[in-house]
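Everything on this sheet refers to the single structure shown next.
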Amino acid sequence: MPKGTNQKVKLYYLAKIMVEKTDDEHSLTLPEIQRYLEAYDVTADRKCLYEDLAALSDFGVEIIGERVGREYCYHVGKKAFELAELKLLVDAIQSSKFITEKKSNELIKKLTAMVSEYEARELKRQVVVQGRIKTMNESIYYIVDEIHKAIAENKQISFEYYQWNTDKELEKKREELYVVSPWALMWDNENYYLVAYVEEDDKIKHYRVDKMRNIGILRERRQGRDIFYDFNLAAYSKMNFGMFGGKEEEVCIEFAGHMAGVFIDRFGKDISIGKSKKEGWYRTWVKVAMSDQFLGWIFALGEDVRISGPDEVAEAFKKKLKALAKNYK
């Protein structure tokens, strides 16, 4: 049998064929494998194929051979990711606002290359990226990479920060550069946030990564180590509704018994829940960042929830409701 022109990369093409064409439900016979190899101008006799398939197993591509009827068939067994795991990754990519539509499609395409063409069809049936609200900042990956690099090197960073105007254009929030000490990246409400110490305010703040531009790593070492190490990221996320900050308050909220799950889902199982004076109602104390987003969340829960303390917070909620009512006269 004359040798093909691509014999030196025979194992590569064999691995490619087995990964793309086989899975637990689809196998190939040796003659079928030979035909696929010939399409890549690679030839292989049966004896060599036995050795090559064994070599793939040694390299980590699990090849399973089993008799199916009168034929002996081969397929790839365990892969780096199971199909169910890849489906979860595809869903996460699709629902992530901070990943652009273009990058979403590129990442999903790479994931489909890790499974057989039959399994890839199942992944592609899930791909409904168009129309999703996505960031338009293509450089977000490089910004995230620079932030990780600055954290690893214990350096401060500078960057421009943007916001939308009424003309639907991004404009700088201020002319001077922001200079902060980056300590963590956080994914909340489908957005990526930088959590950093700001020396001029002596406090921890957060910034939407997709609104950052022209990031630079500075020579100065990071500040705020002691403050951040005493900082609870999980509690910070629960307290800041939609990552909109405000003055921290401990608020007493009363609610009907069937609403308990809402508060456990939001604040965690560690919150204390006690009975209220009203029959069938309960109360809890939680720390929140006072903002319109928090008051809006309370309003959306309806008549089975009320703020009962402190008085100034309850009054602030009443004033907000009265101000809103004036818009509908």
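Lettering and numbering for the structure tokens are positional, with chains as A, B, ... in the shown order, residues counted from 1 in each chain, and ligands counted from 1 in the shown order.
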
How would you write, as a PyMOL selection string, the set of residues in stretch 29-117 of chain A that DSSP gives as strand (DSSP E or B)?
-> chain A and resi 29+63-68+71-76

Pick out the residues sitting within 10 Å of A:Arg219, and hand them over as a list in words; count only C-alpha atoms, and ignore anything fewer than 4 positions along from it in its own chain.
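Near A:Arg219, the qualifying residues are Ala150, Glu153, Asn154, Lys155, Gln156 and Ile157 of chain A.
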
Q.
Quick check for you: according to DSSP on this backbone, which residues of stretch 176-284 of chain A are classed as helix (DSSP H, G or I)? Reply as a ChimeraX atom specification.
A. /A:209-211,225-229,233-239,241-243,257-267

Prev. selection, N, CA and C atoms, output as a PDB file, in the first residue's frame:
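Output contents, as saved in result_31.pdb:
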ATOM      1  N   VAL A 209     -16.580  46.141  34.805  1.00  0.00           N
ATOM      2  CA  VAL A 209     -15.393  45.936  33.971  1.00  0.00           C
ATOM      3  C   VAL A 209     -15.645  46.331  32.523  1.00  0.00           C
ATOM      4  N   ASP A 210     -16.861  46.097  32.014  1.00  0.00           N
ATOM      5  CA  ASP A 210     -17.131  46.422  30.608  1.00  0.00           C
ATOM      6  C   ASP A 210     -17.201  47.923  30.351  1.00  0.00           C
ATOM      7  N   LYS A 211     -17.195  48.740  31.427  1.00  0.00           N
ATOM      8  CA  LYS A 211     -17.196  50.196  31.259  1.00  0.00           C
ATOM      9  C   LYS A 211     -15.811  50.808  31.488  1.00  0.00           C
ATOM     10  N   ARG A 225      -4.669  46.464  52.029  1.00  0.00           N
ATOM     11  CA  ARG A 225      -4.626  45.022  52.306  1.00  0.00           C
ATOM     12  C   ARG A 225      -5.441  44.660  53.560  1.00  0.00           C
ATOM     13  N   ASP A 226      -5.236  45.389  54.642  1.00  0.00           N
ATOM     14  CA  ASP A 226      -5.919  45.069  55.892  1.00  0.00           C
ATOM     15  C   ASP A 226      -7.429  45.228  55.761  1.00  0.00           C
ATOM     16  N   ILE A 227      -7.850  46.275  55.051  1.00  0.00           N
ATOM     17  CA  ILE A 227      -9.289  46.505  54.873  1.00  0.00           C
ATOM     18  C   ILE A 227      -9.909  45.380  54.054  1.00  0.00           C
ATOM     19  N   PHE A 228      -9.234  44.960  52.979  1.00  0.00           N
ATOM     20  CA  PHE A 228      -9.802  43.932  52.120  1.00  0.00           C
ATOM     21  C   PHE A 228      -9.830  42.573  52.814  1.00  0.00           C
ATOM     22  N   TYR A 229      -8.820  42.252  53.599  1.00  0.00           N
ATOM     23  CA  TYR A 229      -8.784  40.955  54.264  1.00  0.00           C
ATOM     24  C   TYR A 229      -9.877  40.819  55.315  1.00  0.00           C
ATOM     25  N   LEU A 233     -16.756  39.404  50.674  1.00  0.00           N
ATOM     26  CA  LEU A 233     -17.283  39.617  49.328  1.00  0.00           C
ATOM     27  C   LEU A 233     -18.719  39.131  49.185  1.00  0.00           C
ATOM     28  N   ALA A 234     -19.030  37.981  49.776  1.00  0.00           N
ATOM     29  CA  ALA A 234     -20.382  37.434  49.659  1.00  0.00           C
ATOM     30  C   ALA A 234     -21.401  38.365  50.307  1.00  0.00           C
ATOM     31  N   ALA A 235     -21.068  38.874  51.482  1.00  0.00           N
ATOM     32  CA  ALA A 235     -21.971  39.788  52.176  1.00  0.00           C
ATOM     33  C   ALA A 235     -22.115  41.091  51.395  1.00  0.00           C
ATOM     34  N   TYR A 236     -21.018  41.549  50.787  1.00  0.00           N
ATOM     35  CA  TYR A 236     -21.031  42.782  49.990  1.00  0.00           C
ATOM     36  C   TYR A 236     -21.987  42.636  48.814  1.00  0.00           C
ATOM     37  N   SER A 237     -21.967  41.478  48.156  1.00  0.00           N
ATOM     38  CA  SER A 237     -22.832  41.232  47.017  1.00  0.00           C
ATOM     39  C   SER A 237     -24.297  41.213  47.435  1.00  0.00           C
ATOM     40  N   LYS A 238     -24.592  40.572  48.569  1.00  0.00           N
ATOM     41  CA  LYS A 238     -25.974  40.520  49.050  1.00  0.00           C
ATOM     42  C   LYS A 238     -26.484  41.907  49.430  1.00  0.00           C
ATOM     43  N   MET A 239     -25.599  42.707  50.006  1.00  0.00           N
ATOM     44  CA  MET A 239     -25.995  44.007  50.521  1.00  0.00           C
ATOM     45  C   MET A 239     -26.254  45.023  49.415  1.00  0.00           C
ATOM     46  N   PHE A 241     -27.716  45.844  46.094  1.00  0.00           N
ATOM     47  CA  PHE A 241     -28.688  45.353  45.128  1.00  0.00           C
ATOM     48  C   PHE A 241     -28.303  45.788  43.727  1.00  0.00           C
ATOM     49  N   GLY A 242     -28.040  44.771  42.854  1.00  0.00           N
ATOM     50  CA  GLY A 242     -27.614  45.095  41.495  1.00  0.00           C
ATOM     51  C   GLY A 242     -26.297  45.842  41.501  1.00  0.00           C
ATOM     52  N   MET A 243     -25.520  45.708  42.579  1.00  0.00           N
ATOM     53  CA  MET A 243     -24.233  46.382  42.753  1.00  0.00           C
ATOM     54  C   MET A 243     -24.372  47.908  42.719  1.00  0.00           C
ATOM     55  N   GLY A 257     -45.462  34.547  56.001  1.00  0.00           N
ATOM     56  CA  GLY A 257     -44.667  33.327  56.095  1.00  0.00           C
ATOM     57  C   GLY A 257     -44.251  32.739  54.758  1.00  0.00           C
ATOM     58  N   HIS A 258     -45.134  32.816  53.749  1.00  0.00           N
ATOM     59  CA  HIS A 258     -44.807  32.198  52.464  1.00  0.00           C
ATOM     60  C   HIS A 258     -43.714  32.939  51.705  1.00  0.00           C
ATOM     61  N   MET A 259     -43.312  34.124  52.210  1.00  0.00           N
ATOM     62  CA  MET A 259     -42.261  34.909  51.552  1.00  0.00           C
ATOM     63  C   MET A 259     -40.878  34.600  52.110  1.00  0.00           C
ATOM     64  N   ALA A 260     -40.783  33.687  53.075  1.00  0.00           N
ATOM     65  CA  ALA A 260     -39.490  33.407  53.723  1.00  0.00           C
ATOM     66  C   ALA A 260     -38.421  33.025  52.708  1.00  0.00           C
ATOM     67  N   GLY A 261     -38.793  32.227  51.717  1.00  0.00           N
ATOM     68  CA  GLY A 261     -37.822  31.772  50.718  1.00  0.00           C
ATOM     69  C   GLY A 261     -37.178  32.905  49.951  1.00  0.00           C
ATOM     70  N   VAL A 262     -37.942  33.986  49.736  1.00  0.00           N
ATOM     71  CA  VAL A 262     -37.406  35.146  49.008  1.00  0.00           C
ATOM     72  C   VAL A 262     -36.203  35.717  49.756  1.00  0.00           C
ATOM     73  N   PHE A 263     -36.317  35.818  51.077  1.00  0.00           N
ATOM     74  CA  PHE A 263     -35.251  36.427  51.875  1.00  0.00           C
ATOM     75  C   PHE A 263     -34.087  35.464  52.084  1.00  0.00           C
ATOM     76  N   ILE A 264     -34.389  34.178  52.190  1.00  0.00           N
ATOM     77  CA  ILE A 264     -33.307  33.198  52.306  1.00  0.00           C
ATOM     78  C   ILE A 264     -32.510  33.149  51.009  1.00  0.00           C
ATOM     79  N   ASP A 265     -33.200  33.187  49.864  1.00  0.00           N
ATOM     80  CA  ASP A 265     -32.511  33.189  48.571  1.00  0.00           C
ATOM     81  C   ASP A 265     -31.627  34.417  48.411  1.00  0.00           C
ATOM     82  N   ARG A 266     -32.095  35.554  48.906  1.00  0.00           N
ATOM     83  CA  ARG A 266     -31.359  36.807  48.722  1.00  0.00           C
ATOM     84  C   ARG A 266     -30.211  36.955  49.717  1.00  0.00           C
ATOM     85  N   PHE A 267     -30.466  36.642  50.991  1.00  0.00           N
ATOM     86  CA  PHE A 267     -29.492  36.942  52.041  1.00  0.00           C
ATOM     87  C   PHE A 267     -28.809  35.705  52.639  1.00  0.00           C
TER      88      PHE A 267
END

Contact check, stretch 11-38 of chain A to stretch 51-62 of chain A, at most 9 Å, counting only C-alpha atoms, closest pairs as JSON lines:
{"residue": "A:Leu11", "atom": "CA", "partner": "A:Asp52", "partner_atom": "CA", "distance": 6.7}
{"residue": "A:Leu14", "atom": "CA", "partner": "A:Leu53", "partner_atom": "CA", "distance": 8.1}
{"residue": "A:Ala15", "atom": "CA", "partner": "A:Leu56", "partner_atom": "CA", "distance": 7.0}
{"residue": "A:Met18", "atom": "CA", "partner": "A:Val61", "partner_atom": "CA", "distance": 9.0}
{"residue": "A:Val19", "atom": "CA", "partner": "A:Val61", "partner_atom": "CA", "distance": 8.5}

Write the residues of the preceding selection, restricted to N, CA and C atoms, as a PDB file, in the first residue's frame.
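Just written: selection.pdb:
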ATOM      1  N   LEU A  11      -1.238  10.284  13.571  1.00  0.00           N
ATOM      2  CA  LEU A  11      -1.885  10.214  14.882  1.00  0.00           C
ATOM      3  C   LEU A  11      -2.788  11.422  15.135  1.00  0.00           C
ATOM      4  N   LEU A  14      -5.909  10.847  13.134  1.00  0.00           N
ATOM      5  CA  LEU A  14      -6.657   9.747  13.732  1.00  0.00           C
ATOM      6  C   LEU A  14      -7.410  10.235  14.976  1.00  0.00           C
ATOM      7  N   ALA A  15      -6.735  11.015  15.815  1.00  0.00           N
ATOM      8  CA  ALA A  15      -7.385  11.571  17.010  1.00  0.00           C
ATOM      9  C   ALA A  15      -8.532  12.494  16.621  1.00  0.00           C
ATOM     10  N   MET A  18     -11.512  10.373  15.467  1.00  0.00           N
ATOM     11  CA  MET A  18     -12.169   9.660  16.557  1.00  0.00           C
ATOM     12  C   MET A  18     -12.965  10.609  17.460  1.00  0.00           C
ATOM     13  N   VAL A  19     -12.422  11.804  17.721  1.00  0.00           N
ATOM     14  CA  VAL A  19     -13.126  12.776  18.571  1.00  0.00           C
ATOM     15  C   VAL A  19     -14.348  13.337  17.860  1.00  0.00           C
TER      16      VAL A  19
END

**Item:** Between atom CA of A:Leu295 and atom CA of A:Glu315 - distance in Å to one decimal
**Value:**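 If I compute the distance from atom CA of A:Glu315 to atom CA of A:Leu295, I get 11.4 Å.
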
Distance of atom CA of A:Lys322 from atom CA of A:Lys247, expressed in Å to one decimal place: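 That distance, rounded to one decimal, is 21.7 Å.
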
**Request:** Determine, counting only C-alpha atoms, which protein, DNA and RNA residues have an atom within 12 Å of an atom of A:Glu20; residues of the same chain fewer than 4 positions away are not included. Present the result as an MDAnalysis selection string.
**Result:** chainID A and resid 13:16 26:28 33 36 75:76 79 112:121

Of A:Ile204, A:Lys8, A:Gly77, A:Leu107, the one sitting nearest A:Thr43 when using only C-alpha atoms is A:Lys8

Measure the distance from atom CA of A:Arg213 to atom CA of A:Ile99 in Å and round it to one decimal.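 Between atom CA of A:Arg213 and atom CA of A:Ile99 the gap is 15.5 Å.
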
**OP:** Determine the nearest neighbour of A:Tyr50 from the options A:Ile17, A:Gly69, A:Asn327, A:Leu30, counting only C-alpha atoms.
**Re:**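 Of A:Ile17, A:Gly69, A:Asn327, A:Leu30, the one nearest A:Tyr50 is A:Leu30, counting only C-alpha atoms.
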
Need the shell around A:Glu279: protein/DNA/RNA residues with any atom at most 12 Å away, counting only C-alpha atoms. Skip same-chain ones fewer than 4 positions apart. Format as a tab-separated table (two decimals) with N, CA and C atoms, in the first residue's frame?
chain	number	residue	atom	x	y	z
A	254	GLU	N	-40.51	42.89	57.76
A	254	GLU	CA	-41.53	41.94	58.16
A	254	GLU	C	-42.19	41.37	56.91
A	255	PHE	N	-42.61	40.11	56.97
A	255	PHE	CA	-43.16	39.48	55.77
A	255	PHE	C	-44.08	38.32	56.14
A	256	ALA	N	-44.99	38.02	55.23
A	256	ALA	CA	-45.87	36.87	55.41
A	256	ALA	C	-45.04	35.59	55.29
A	257	GLY	N	-45.46	34.55	56.00
A	257	GLY	CA	-44.67	33.33	56.10
A	257	GLY	C	-44.25	32.74	54.76
A	275	LYS	N	-40.75	35.55	64.81
A	275	LYS	CA	-42.17	35.86	64.60
A	275	LYS	C	-42.44	37.34	64.79
A	283	ARG	N	-40.26	38.29	60.91
A	283	ARG	CA	-39.37	39.44	60.70
A	283	ARG	C	-37.91	38.99	60.66

### Message
Nearest residue to A:Arg222 out of A:Val180, A:Gln163, A:Phe81, A:Asp91, using only C-alpha atoms?
### Response
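Looking at the shortest contact to A:Arg222, the residue is A:Val180.
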
Using only C-alpha atoms, which protein or nucleic acid residues come within 7 Å of A:Tyr162? Drop anything in the same chain fewer than 5 positions from it, and give the result as JSON, numbers by chain. {"A": [170, 171, 172, 173, 211, 212]}

Shell around A:Gly309 at 9 Å using only C-alpha atoms, local window under 6 positions removed, as a ChimeraX atom specification:
/A:250-253,285
